[in-house]
$ cat query38.txt   # compact mmCIF, C-alpha atoms
# COMPACT_ATOMS: atom_id res chain seq x y z
CA MET A 29 18.14 71.97 106.03
CA SER A 30 21.03 74.39 105.71
CA ALA A 31 21.15 76.99 102.95
CA ILE A 32 24.10 75.17 101.42
CA CYS A 33 22.25 71.86 101.28
CA GLU A 34 19.25 73.55 99.67
CA GLN A 35 21.58 75.10 97.13
CA VAL A 36 23.20 71.73 96.42
CA ASP A 37 19.84 70.04 95.99
CA ALA A 38 18.76 72.75 93.54
CA ALA A 39 21.97 72.28 91.57
CA LEU A 40 21.55 68.50 91.55
CA ALA A 41 18.02 69.05 90.21
CA GLY A 42 19.54 70.92 87.27
CA SER A 43 19.64 74.59 88.31
CA ARG A 44 22.56 76.31 86.58
CA PRO A 45 22.44 79.39 88.84
CA ALA A 46 22.63 77.11 91.89
CA LEU A 47 25.63 75.26 90.45
CA ALA A 48 27.28 78.57 89.58
CA ARG A 49 26.71 79.87 93.12
CA LEU A 50 28.14 76.70 94.68
CA LEU A 51 31.26 76.99 92.54
CA SER A 52 31.80 80.47 93.99
CA ILE A 53 31.28 79.15 97.50
CA ALA A 54 33.78 76.34 96.82
CA GLU A 55 36.28 78.94 95.59
CA ARG A 56 36.19 80.71 98.95
CA SER A 57 37.18 77.33 100.46
CA GLY A 58 35.53 78.04 103.79
CA PRO A 59 33.90 75.44 106.05
CA GLU A 60 30.99 75.13 103.57
CA LEU A 61 33.30 73.26 101.23
CA LEU A 62 33.13 70.03 103.21
CA GLU A 63 29.37 70.45 103.54
CA ILE A 64 29.10 70.58 99.76
CA GLU A 65 31.40 67.57 99.40
CA ASP A 66 29.27 65.56 101.86
CA ARG A 67 26.06 66.36 100.06
CA ILE A 68 27.31 65.42 96.59
CA SER A 69 29.54 62.46 97.39
CA ALA A 70 26.94 59.81 96.52
CA ARG A 71 26.40 61.34 93.09
CA VAL A 72 30.02 61.64 92.03
CA GLY A 73 31.99 59.34 89.72
CA ASN A 74 29.90 59.15 86.57
CA ALA A 75 31.68 61.78 84.49
CA LEU A 76 34.74 61.22 82.39
CA VAL A 77 37.33 63.90 83.00
CA VAL A 78 39.79 65.20 80.43
CA GLY A 79 42.55 67.53 81.59
CA VAL A 80 44.03 69.90 79.04
CA THR A 81 47.38 71.42 79.83
CA GLY A 82 50.34 73.04 78.10
CA PRO A 83 52.31 76.28 77.91
CA PRO A 84 50.64 79.73 77.71
CA GLY A 85 49.32 80.47 74.24
CA ALA A 86 49.53 76.87 73.03
CA GLY A 87 45.89 77.05 72.00
CA LYS A 88 44.27 75.11 74.84
CA SER A 89 41.05 77.14 74.93
CA THR A 90 40.73 77.27 71.15
CA LEU A 91 41.31 73.53 71.00
CA ILE A 92 38.64 72.84 73.61
CA ASN A 93 36.28 75.05 71.63
CA ALA A 94 37.06 72.98 68.53
CA LEU A 95 36.62 69.70 70.44
CA LEU A 96 33.17 70.62 71.78
CA PRO A 97 31.12 69.64 68.69
CA HIS A 98 32.90 66.25 68.56
CA ALA A 99 32.46 65.70 72.29
CA LEU A 100 28.75 66.49 72.09
CA LYS A 101 28.25 63.60 69.66
CA ASP A 102 29.36 61.20 72.40
CA PHE A 103 28.25 63.02 75.56
CA ASP A 104 24.97 64.79 76.24
CA GLY A 105 26.52 67.49 78.38
CA VAL A 106 30.01 68.96 78.59
CA GLY A 107 31.24 70.99 81.55
CA VAL A 108 34.40 73.04 81.13
CA LEU A 109 36.46 74.39 84.00
CA ALA A 110 38.99 76.91 82.69
CA VAL A 111 41.71 78.11 85.05
CA ASP A 112 43.75 81.26 84.49
CA PRO A 113 46.42 82.80 86.74
CA SER A 114 45.84 85.21 89.61
CA SER A 115 48.28 88.07 89.97
CA PRO A 116 50.79 87.45 92.76
CA PHE A 117 50.86 91.25 93.17
CA SER A 118 47.20 92.27 93.37
CA ASP A 119 45.39 88.90 93.70
CA GLY A 120 43.39 90.09 90.70
CA ALA A 121 43.06 88.12 87.50
CA ILE A 122 42.05 88.43 83.91
CA LEU A 123 40.25 85.29 82.84
CA GLY A 124 40.27 85.16 79.07
CA ASP A 125 39.37 81.60 78.16
CA ARG A 126 35.76 82.49 77.35
CA VAL A 127 36.95 84.75 74.54
CA ARG A 128 37.94 81.54 72.70
CA MET A 129 35.00 79.45 73.78
CA GLN A 130 31.59 80.95 74.31
CA GLY A 131 29.77 77.65 73.88
CA GLY A 132 26.67 79.61 72.93
CA GLU A 133 25.81 77.57 69.86
CA TYR A 134 25.37 74.49 72.03
CA GLY A 135 22.75 76.06 74.29
CA SER A 136 22.17 74.25 77.56
CA SER A 137 24.44 71.29 76.74
CA VAL A 138 27.67 73.15 77.58
CA PHE A 139 28.58 74.76 80.91
CA ILE A 140 31.75 76.83 81.01
CA ARG A 141 33.20 78.18 84.21
CA SER A 142 36.33 80.30 84.59
CA MET A 143 38.38 80.11 87.74
CA ALA A 144 41.40 82.08 88.95
CA SER A 145 44.31 80.12 90.44
CA ARG A 146 44.36 82.25 93.64
CA GLY A 147 47.91 81.38 94.61
CA GLU A 148 47.83 77.67 93.80
CA LEU A 149 51.08 76.58 92.18
CA GLY A 150 50.03 73.34 90.49
CA GLY A 151 48.39 74.86 87.42
CA LEU A 152 44.87 74.68 88.82
CA ALA A 153 42.79 76.49 91.43
CA ARG A 154 42.36 75.21 94.96
CA ALA A 155 38.65 74.67 94.32
CA ALA A 156 39.19 72.80 91.05
CA SER A 157 38.65 69.33 92.48
CA THR A 158 35.43 70.31 94.28
CA ALA A 159 34.31 72.14 91.15
CA MET A 160 34.93 69.04 89.09
CA ARG A 161 32.93 66.85 91.45
CA LEU A 162 30.11 69.39 91.59
CA MET A 163 29.80 69.36 87.80
CA ASP A 164 30.00 65.57 87.85
CA ALA A 165 27.26 65.28 90.48
CA CYS A 166 25.06 67.69 88.52
CA GLY A 167 25.13 65.35 85.55
CA TRP A 168 27.76 66.86 83.26
CA SER A 169 28.93 63.61 81.71
CA LEU A 170 32.17 64.92 80.22
CA ILE A 171 34.24 67.42 82.15
CA ILE A 172 37.14 69.23 80.54
CA ILE A 173 39.57 70.93 82.89
CA GLU A 174 41.85 73.50 81.31
CA THR A 175 44.89 74.47 83.35
CA LEU A 176 46.50 77.86 83.24
CA GLY A 177 49.52 78.06 80.95
CA ILE A 178 52.08 75.82 82.58
CA GLY A 179 55.84 75.36 82.48
CA GLN A 180 57.28 71.95 83.21
CA VAL A 181 55.97 70.76 86.57
CA GLU A 182 52.59 72.35 87.34
CA LEU A 183 50.81 69.10 86.73
CA ASP A 184 48.09 68.81 89.38
CA VAL A 185 45.59 68.24 86.61
CA MET A 186 46.85 64.68 86.10
CA ASN A 187 45.59 63.89 89.59
CA LEU A 188 42.07 64.98 88.70
CA ALA A 189 41.71 63.89 85.10
CA ASP A 190 41.12 60.40 83.75
CA THR A 191 42.87 61.45 80.54
CA THR A 192 45.49 64.19 80.42
CA LEU A 193 46.01 65.96 77.11
CA VAL A 194 49.24 67.91 76.71
CA VAL A 195 49.13 70.68 74.09
CA LEU A 196 52.44 71.74 72.55
CA ASN A 197 53.44 73.76 69.49
CA PRO A 198 55.95 73.45 66.66
CA GLY A 199 59.40 74.51 67.85
CA TRP A 200 58.53 73.63 71.43
CA GLY A 201 61.91 72.00 72.02
CA ASP A 202 64.30 69.33 70.90
CA THR A 203 64.80 65.81 72.25
CA ILE A 204 66.51 67.17 75.36
CA GLN A 205 63.38 69.11 76.31
CA ALA A 206 61.25 66.10 75.42
CA ASN A 207 63.33 63.91 77.75
CA LYS A 208 63.07 66.20 80.76
CA ALA A 209 60.93 65.20 83.69
CA GLY A 210 57.40 66.43 84.15
CA LEU A 211 55.31 67.41 81.21
CA THR A 212 56.11 64.51 78.91
CA GLU A 213 55.54 62.02 81.72
CA ALA A 214 52.13 63.44 82.53
CA GLY A 215 50.38 63.21 79.20
CA ASP A 216 48.15 60.34 78.11
CA VAL A 217 47.63 62.02 74.75
CA PHE A 218 49.79 64.69 73.15
CA VAL A 219 48.91 67.14 70.42
CA ILE A 220 51.10 69.51 68.44
CA ASN A 221 48.70 72.38 67.92
CA LYS A 222 49.24 75.20 65.39
CA ALA A 223 50.56 72.40 63.20
CA ASP A 224 50.28 74.68 60.16
CA LYS A 225 53.37 76.49 61.48
CA PRO A 226 56.82 75.27 60.40
CA GLY A 227 58.48 72.55 62.48
CA ALA A 228 55.45 70.52 63.49
CA ASP A 229 56.84 67.28 62.08
CA VAL A 230 60.24 67.67 63.80
CA THR A 231 58.58 68.43 67.13
CA ARG A 232 56.35 65.38 66.70
CA THR A 233 59.31 63.13 65.87
CA ASP A 234 61.32 64.35 68.87
CA LEU A 235 58.38 63.85 71.16
CA LEU A 236 57.59 60.37 69.82
CA GLU A 237 61.20 59.34 70.26
CA SER A 238 61.27 60.53 73.84
CA LEU A 239 57.92 58.95 74.67
CA SER A 240 59.03 55.62 73.24
CA LEU A 241 61.70 55.44 75.96
CA LEU A 242 59.07 55.68 78.68
CA ASN A 243 57.90 52.19 77.73
CA ARG A 244 54.34 53.15 78.43
CA GLU A 245 51.62 50.79 77.41
CA PRO A 246 49.90 51.85 75.26
CA PRO A 247 52.39 54.47 74.01
CA PRO A 248 50.81 57.94 74.20
CA PRO A 249 49.64 59.07 70.78
CA VAL A 250 51.02 62.33 69.38
CA CYS A 251 48.42 64.10 67.25
CA GLN A 252 48.65 67.25 65.19
CA SER A 253 45.99 69.91 64.99
CA THR A 254 45.22 73.43 63.89
CA ALA A 255 42.47 74.35 66.32
CA SER A 256 41.59 77.61 64.59
CA THR A 257 40.63 75.79 61.37
CA GLY A 258 39.54 72.51 62.95
CA ASP A 259 42.18 70.48 61.10
CA GLY A 260 43.11 67.31 62.97
CA VAL A 261 40.61 67.92 65.77
CA ALA A 262 38.37 64.94 64.88
CA GLU A 263 41.44 62.68 64.99
CA LEU A 264 42.44 64.16 68.34
CA TRP A 265 38.97 63.46 69.74
CA THR A 266 39.27 59.86 68.54
CA ALA A 267 42.63 59.54 70.32
CA LEU A 268 41.09 60.85 73.55
CA ARG A 269 38.20 58.40 73.23
CA ASP A 270 40.62 55.53 72.56
CA HIS A 271 42.45 56.32 75.78
CA GLN A 272 39.20 56.37 77.72
CA ASP A 273 38.15 53.05 76.18
CA TYR A 274 41.52 51.60 77.10
CA LEU A 275 41.16 52.77 80.71
CA GLU A 276 37.73 51.18 80.97
CA GLN A 277 38.61 47.91 79.27
CA SER A 278 41.87 47.42 81.14
CA GLY A 279 40.26 48.12 84.51
CA GLN A 280 42.70 50.97 85.08
CA LEU A 281 39.95 53.54 85.38
CA ASP A 282 38.88 52.18 88.76
CA SER A 283 42.39 51.76 90.15
CA ALA A 284 43.43 55.21 88.94
CA ARG A 285 40.35 56.76 90.52
CA ALA A 286 41.03 54.98 93.82
CA HIS A 287 44.52 56.45 93.78
CA LYS A 288 43.12 59.90 93.01
CA GLN A 289 40.64 59.56 95.86
CA GLN A 290 43.53 59.03 98.26
CA LEU A 291 45.29 62.06 96.87
CA LEU A 292 42.10 64.01 97.39
CA VAL A 293 42.07 63.16 101.09
CA ARG A 294 45.68 64.25 101.42
CA ARG A 295 45.05 67.46 99.54
CA THR A 296 41.94 68.29 101.53
CA ILE A 297 43.82 67.86 104.78
CA THR A 298 46.64 70.04 103.48
CA HIS A 299 44.17 72.73 102.46
CA GLN A 300 42.36 72.65 105.77
CA LEU A 301 45.68 72.88 107.60
CA THR A 302 46.76 75.79 105.44
CA HIS A 303 43.50 77.46 106.32
CA GLU A 304 44.17 76.89 110.02
CA VAL A 305 47.73 78.20 109.71
CA GLU A 306 46.52 81.34 107.95
CA ARG A 307 44.01 81.90 110.72
CA LEU A 308 46.63 81.33 113.38
CA MET A 309 49.04 83.74 111.71
CA ASP A 310 46.33 86.42 111.73
CA SER A 311 45.76 85.95 115.47
CA ASP A 312 46.93 88.38 118.15
CA LEU A 313 49.29 85.74 119.53
CA ALA A 314 51.07 85.26 116.22
CA THR A 315 51.20 88.98 115.53
CA SER A 316 52.85 89.70 118.89
CA MET A 317 55.27 86.79 118.47
CA LEU A 318 56.21 87.99 115.00
CA ASP A 319 56.87 91.43 116.47
CA GLN A 320 59.05 89.92 119.18
CA SER A 321 61.01 87.84 116.70
CA THR A 322 61.55 90.90 114.52
CA LEU A 323 63.00 92.67 117.56
CA GLY A 324 65.27 89.71 118.20
CA GLN A 325 63.54 88.80 121.49
CA LEU A 326 62.58 85.36 120.16
CA ASP A 327 64.59 83.16 117.86
CA LEU A 328 63.15 81.28 114.92
CA ARG A 329 62.94 77.94 116.71
CA GLN A 330 61.14 79.40 119.74
CA THR A 331 58.66 81.24 117.54
CA VAL A 332 57.91 78.25 115.35
CA ASP A 333 57.66 75.75 118.23
CA ARG A 334 55.29 78.00 120.15
CA LEU A 335 53.05 78.61 117.15
CA LEU A 336 53.00 74.93 116.17
CA ARG A 337 51.92 74.05 119.70
CA GLU A 338 49.14 76.57 119.38
CA LEU A 339 48.06 74.97 116.11
CA ALA A 340 47.89 71.53 117.70
CA ARG A 341 45.86 72.77 120.66
CA PRO A 342 42.25 71.61 120.42
CA ARG A 343 39.86 74.49 120.01
CA GLY A 344 36.88 74.61 122.33
CA MET B 22 33.44 92.27 80.69
CA ALA B 23 31.77 92.04 77.31
CA LYS B 24 31.63 93.98 74.08
CA THR B 25 28.16 94.41 72.69
CA GLY B 26 27.26 94.43 69.04
CA LEU B 27 29.83 94.22 66.28
CA ASP B 28 32.48 95.98 68.33
CA GLY B 29 36.02 95.29 67.20
CA HIS B 30 37.66 97.61 69.72
CA TRP B 31 39.65 95.96 72.47
CA ARG B 32 41.59 98.92 73.90
CA GLY B 33 38.87 100.27 76.19
CA PRO B 34 37.72 97.03 77.84
CA THR B 35 41.32 95.80 78.07
CA ILE B 36 42.54 98.93 79.85
CA VAL B 37 39.59 98.85 82.23
CA ALA B 38 40.02 95.11 82.85
CA ARG B 39 43.69 95.61 83.71
CA ALA B 40 42.91 98.44 86.09
CA LEU B 41 40.33 96.23 87.79
CA ARG B 42 42.80 93.32 87.91
CA ASP B 43 45.34 95.61 89.58
CA ALA B 44 42.67 96.51 92.13
CA GLY B 45 42.24 92.82 92.94
CA PHE B 46 39.21 91.98 90.80
CA GLU B 47 38.88 88.72 88.90
CA VAL B 48 37.77 89.92 85.48
CA ILE B 49 36.20 87.45 83.08
CA MET B 50 36.74 88.74 79.57
CA ILE B 51 34.30 87.36 77.05
CA GLY B 52 35.07 89.70 74.18
CA MET B 53 32.54 90.34 71.45
CA ALA B 54 29.37 88.67 72.60
CA ASN B 55 25.69 88.54 71.78
CA THR B 56 22.99 88.93 74.39
CA ASP B 57 22.73 85.18 75.04
CA ASP B 58 26.50 84.91 75.54
CA ILE B 59 26.48 87.79 78.02
CA VAL B 60 23.57 86.38 80.01
CA ARG B 61 25.06 82.88 80.04
CA ALA B 62 28.39 84.21 81.31
CA ALA B 63 26.65 86.35 83.95
CA VAL B 64 24.76 83.31 85.24
CA ASP B 65 27.33 80.51 84.88
CA GLU B 66 30.20 82.60 86.21
CA ASP B 67 28.07 83.85 89.14
CA VAL B 68 29.39 87.35 88.55
CA ASP B 69 29.07 90.27 90.98
CA LEU B 70 29.13 92.98 88.33
CA VAL B 71 28.67 93.17 84.56
CA GLY B 72 30.74 95.57 82.46
CA LEU B 73 29.64 96.35 78.92
CA ASN B 74 31.71 98.03 76.26
CA VAL B 75 28.90 99.53 74.23
CA GLY B 76 29.60 99.19 70.55
CA GLY B 77 27.31 98.98 67.60
CA HIS B 78 23.70 100.11 67.87
CA ILE B 79 22.45 101.18 71.28
CA ASP B 80 19.43 98.86 70.88
CA VAL B 81 21.80 95.90 71.11
CA ALA B 82 23.28 97.15 74.38
CA ILE B 83 19.83 97.84 75.79
CA ARG B 84 18.69 94.33 74.90
CA ALA B 85 21.75 92.96 76.72
CA VAL B 86 21.00 95.13 79.77
CA ASN B 87 17.35 94.03 79.86
CA SER B 88 18.28 90.35 79.56
CA VAL B 89 20.97 90.49 82.25
CA GLN B 90 18.59 92.33 84.58
CA GLU B 91 15.97 89.66 83.95
CA ALA B 92 18.36 86.77 84.60
CA ARG B 93 20.35 88.35 87.46
CA PRO B 94 18.26 91.25 88.82
CA GLU B 95 20.58 91.73 91.79
CA VAL B 96 23.71 92.24 89.66
CA PRO B 97 24.71 95.85 88.89
CA ILE B 98 25.80 96.81 85.37
CA PHE B 99 28.20 99.51 84.30
CA ALA B 100 29.14 100.53 80.81
CA GLY B 101 31.69 102.39 78.79
CA GLY B 102 32.58 102.98 75.19
CA THR B 103 31.92 105.76 72.75
CA VAL B 104 28.36 106.34 73.85
CA PRO B 105 26.52 109.46 72.60
CA PRO B 106 24.78 111.57 75.30
CA ARG B 107 21.29 110.48 74.26
CA SER B 108 22.29 106.81 74.62
CA VAL B 109 23.99 107.52 77.96
CA LYS B 110 20.63 108.79 79.21
CA MET B 111 18.84 105.67 77.92
CA LEU B 112 21.27 103.40 79.76
CA GLN B 113 21.14 105.48 82.94
CA ASP B 114 17.35 105.26 82.89
CA LEU B 115 17.79 101.48 83.09
CA GLY B 116 20.01 101.84 86.16
CA VAL B 117 23.31 101.41 84.31
CA GLU B 118 26.25 103.60 85.37
CA VAL B 119 27.97 104.93 82.26
CA TYR B 120 31.62 105.94 81.92
CA PRO B 121 32.04 107.61 78.53
CA PRO B 122 35.40 108.54 76.95
CA GLY B 123 37.35 110.87 79.22
CA SER B 124 36.39 108.99 82.37
CA GLN B 125 39.23 108.41 84.82
CA LEU B 126 40.33 104.82 85.49
CA ALA B 127 40.39 105.57 89.23
CA ASP B 128 36.72 106.58 89.07
CA ILE B 129 35.84 103.38 87.19
CA VAL B 130 37.67 101.25 89.76
CA ASP B 131 35.94 103.16 92.58
CA ALA B 132 32.61 102.47 90.91
CA ALA B 133 33.35 98.75 90.61
CA GLN B 134 34.30 98.62 94.29
CA ARG B 135 31.23 100.58 95.34
CA LEU B 136 28.87 98.50 93.17
CA THR B 137 30.23 95.22 94.54
CA ALA B 138 30.72 96.37 98.15
CA THR B 139 27.59 94.71 99.50
CA ARG B 140 28.05 91.46 97.59
$ encode --input "query38.txt" --output "structure tokens"
Amino acid sequence: MSAICEQVDAALAGSRPALARLLSIAERSGPELLEIEDRISARVGNALVVGVTGPPGAGKSTLINALLPHALKDFDGVGVLAVDPSSPFSDGAILGDRVRMQGGEYGSSVFIRSMASRGELGGLARAASTAMRLMDACGWSLIIIETLGIGQVELDVMNLADTTLVVLNPGWGDTIQANKAGLTEAGDVFVINKADKPGADVTRTDLLESLSLLNREPPPPVCQSTASTGDGVAELWTALRDHQDYLEQSGQLDSARAHKQQLLVRRTITHQLTHEVERLMDSDLATSMLDQSTLGQLDLRQTVDRLLRELARPRG
Amino acid sequence: MAKTGLDGHWRGPTIVARALRDAGFEVIMIGMANTDDIVRAAVDEDVDLVGLNVGGHIDVAIRAVNSVQEARPEVPIFAGGTVPPRSVKMLQDLGVEVYPPGSQLADIVDAAQRLTATR
């Protein structure tokens, strides 16, 4: 048995260090990634997944921290995957979500993992979907995925989560903002966090009005919370549970997951191809062609056609 | 990157974390943390290096060092903060590299790169 398979089996048997190690291996997104996926595939699909997204500083981490005690009444184990941005300059990152949620008081029933986005543009990390399925396979029955602070369209999380929670703040924007594409279409549940600040009611009204035009059934609830004091967090948890119940009772959970499975295949192929392209571009052939095109000896079409042919060539 | 004991100071660990970020490290900040928090983060995050900002009583930092070394014996630890010479010696005796006030950021980054080079 390969080292990876042994590691996976240890993680499936409940070893936290093994799970932690596998998450690092998944982050490197090398060939081991598909080996991990193969080994866990039969064990995946039991966890409910909540995605938490919203602008930087909206209070996503603090809110998750405040949701944990409520979640642990309904689930015996909660896994949290918290994504923060990598620097486009240095590739480094400062991952600060653990400052808001240590999870220590819950002992072994909470597993928190930070992950840097490493150039992904959809608000998550490339390894997020494998990480989610690893936690799922290892028996974490509720998985919360926190995106990095997003703008309007970095919404990959909705393709992983069963329920997407969008966190906004008072003064976030007027009805025009609320009507724009992206964020308001992606949420299954909304919350105006920091609701003790002025303007929470106006923001809520604007958002409700905009959401009502989407004609979604059921209409997404708009909650209010102050995560730092815990106000409104119990009600928010109830709203999240209601959405999950609705998904299960309406049969939408299965159809949504089938759709997400298809997206996963697409994404995996894209990632593998990207990997191949990066390798090709590091090759001697590509380097010399890039030099020639810089010197004007090859035009763009010739360079691209030649390199694409190389990519399609079967490797022996 | 953790602060041991009742340490309210953020400047030191923040400056070091930013220098490490600029050198390409992914730095997981956990802020003020007790020994259990530090060990849990070191295990669950599968870290390559632990950085401690030593605040409060040195006994607290030493307890954290012992516990991390027990849980992740292969992971190096380095430390900074306003550490008196006698405490520096105690940490060094445990295999911890110590960068007291006056240390250069470049030296700290070099140390992080050297300590993680084989990992």
$ interface_residues --input "query38.txt" --of "chain A" --to "chain B" --cutoff "8 Å" --atoms "all atoms listed in the file" --output "MDAnalysis selection string"
chainID A and resid 44:45 47:49 52 114:115 117:127 130 132 139:142 144
$ atom_distance --input "query38.txt" --atom1 "atom CA of Cys33 of chain A" --atom2 "atom CA of Val108 of chain A"
23.6 Å
$ residues_around --input "query38.txt" --residues "segment 77-92 of chain A" --least-positions-apart "2" --cutoff "6 Å" --atoms "only C-alpha atoms" --output "compact mmCIF listing (two decimals) with C-alpha atoms, in the coordinates of the input"
# COMPACT_ATOMS: atom_id res chain seq x y z
CA ALA A 94 37.06 72.98 68.53
CA LEU A 95 36.62 69.70 70.44
CA ASP A 125 39.37 81.60 78.16
CA ARG A 128 37.94 81.54 72.70
CA LEU A 170 32.17 64.92 80.22
CA ILE A 171 34.24 67.42 82.15
CA ILE A 172 37.14 69.23 80.54
CA ILE A 173 39.57 70.93 82.89
CA GLU A 174 41.85 73.50 81.31
CA THR A 175 44.89 74.47 83.35
CA GLY A 177 49.52 78.06 80.95
CA ILE A 178 52.08 75.82 82.58
CA GLY A 179 55.84 75.36 82.48
CA VAL A 185 45.59 68.24 86.61
CA ALA A 189 41.71 63.89 85.10
CA ASP A 190 41.12 60.40 83.75
CA THR A 191 42.87 61.45 80.54
CA THR A 192 45.49 64.19 80.42
CA LEU A 193 46.01 65.96 77.11
CA VAL A 194 49.24 67.91 76.71
CA VAL A 195 49.13 70.68 74.09
CA LEU A 196 52.44 71.74 72.55
CA ALA A 255 42.47 74.35 66.32
$ atom_distance --input "query38.txt" --atom1 "atom CA of His271 of chain A" --atom2 "atom CA of Leu149 of chain A"
27.5 Å
$ residues_near_point --input "query38.txt" --point "(22.1, 90.3, 93.3)" --cutoff "10 Å" --atoms "only C-alpha atoms" --output "ChimeraX atom specification"
/B:67-70,90,93-97,137,139-140
$ closest_residue --input "query38.txt" --among "A:Leu100, A:Ser137, A:Asp319, A:Asn187" --to "Gln289 of chain A" --atoms "all atoms listed in the file"
A:Asn187
$ residues_around --input "query38.txt" --residues "Asp202 of chain A" --least-positions-apart "5" --cutoff "10 Å" --atoms "all atoms listed in the file" --output "list in words"
Asn207, Val230, Thr231, Arg232, Thr233, Asp234, Leu235 and Ser238 of chain A
$ residues_around --input "query38.txt" --residues "Ala100 of chain B" --least-positions-apart "4" --cutoff "7 Å" --atoms "all atoms listed in the file" --output "PyMOL selection string"
chain B and resi 72-75+117-120
$ write_last_selection --input "query38.txt" --atoms "C-alpha atoms" --output "JSON list (two decimals), in the frame of the given file"
[["chain", "number", "residue", "atom", "x", "y", "z"],
["B", 72, "GLY", "CA", 30.74, 95.57, 82.46],
["B", 73, "LEU", "CA", 29.64, 96.35, 78.92],
["B", 74, "ASN", "CA", 31.71, 98.03, 76.26],
["B", 75, "VAL", "CA", 28.90, 99.53, 74.23],
["B", 117, "VAL", "CA", 23.31, 101.41, 84.31],
["B", 118, "GLU", "CA", 26.25, 103.60, 85.37],
["B", 119, "VAL", "CA", 27.97, 104.93, 82.26],
["B", 120, "TYR", "CA", 31.62, 105.94, 81.92]]
$ build_atoms --input "query38.txt" --residues "segment 213-229 of chain A" --atoms "N, CA and C atoms" --output "compact mmCIF listing (two decimals), in the frame of the given file"
# COMPACT_ATOMS: atom_id res chain seq x y z
N GLU A 213 55.95 63.20 80.96
CA GLU A 213 55.54 62.02 81.72
C GLU A 213 54.06 62.05 82.04
N ALA A 214 53.49 63.26 82.02
CA ALA A 214 52.13 63.44 82.53
C ALA A 214 51.06 63.17 81.49
N GLY A 215 51.41 63.28 80.22
CA GLY A 215 50.38 63.21 79.20
C GLY A 215 49.97 61.79 78.86
N ASP A 216 48.65 61.60 78.67
CA ASP A 216 48.15 60.34 78.11
C ASP A 216 48.00 60.47 76.60
N VAL A 217 47.72 61.70 76.17
CA VAL A 217 47.63 62.02 74.75
C VAL A 217 48.34 63.34 74.55
N PHE A 218 49.09 63.45 73.47
CA PHE A 218 49.79 64.69 73.15
C PHE A 218 49.24 65.24 71.84
N VAL A 219 49.28 66.55 71.71
CA VAL A 219 48.91 67.14 70.42
C VAL A 219 49.85 68.31 70.14
N ILE A 220 50.35 68.34 68.90
CA ILE A 220 51.10 69.51 68.44
C ILE A 220 50.08 70.41 67.77
N ASN A 221 49.69 71.46 68.47
CA ASN A 221 48.70 72.38 67.92
C ASN A 221 49.42 73.49 67.15
N LYS A 222 48.66 74.23 66.34
CA LYS A 222 49.24 75.20 65.39
C LYS A 222 50.16 74.45 64.43
N ALA A 223 49.72 73.27 64.02
CA ALA A 223 50.56 72.40 63.20
C ALA A 223 50.75 72.95 61.79
N ASP A 224 50.04 74.04 61.46
CA ASP A 224 50.28 74.68 60.16
C ASP A 224 51.54 75.53 60.18
N LYS A 225 52.11 75.74 61.39
CA LYS A 225 53.37 76.49 61.48
C LYS A 225 54.54 75.55 61.19
N PRO A 226 55.68 76.12 60.73
CA PRO A 226 56.82 75.27 60.40
C PRO A 226 57.34 74.51 61.63
N GLY A 227 57.82 73.29 61.40
CA GLY A 227 58.48 72.55 62.48
C GLY A 227 57.61 71.54 63.19
N ALA A 228 56.35 71.43 62.78
CA ALA A 228 55.45 70.52 63.49
C ALA A 228 55.94 69.07 63.42
N ASP A 229 56.43 68.68 62.24
CA ASP A 229 56.84 67.28 62.08
C ASP A 229 58.07 66.95 62.93
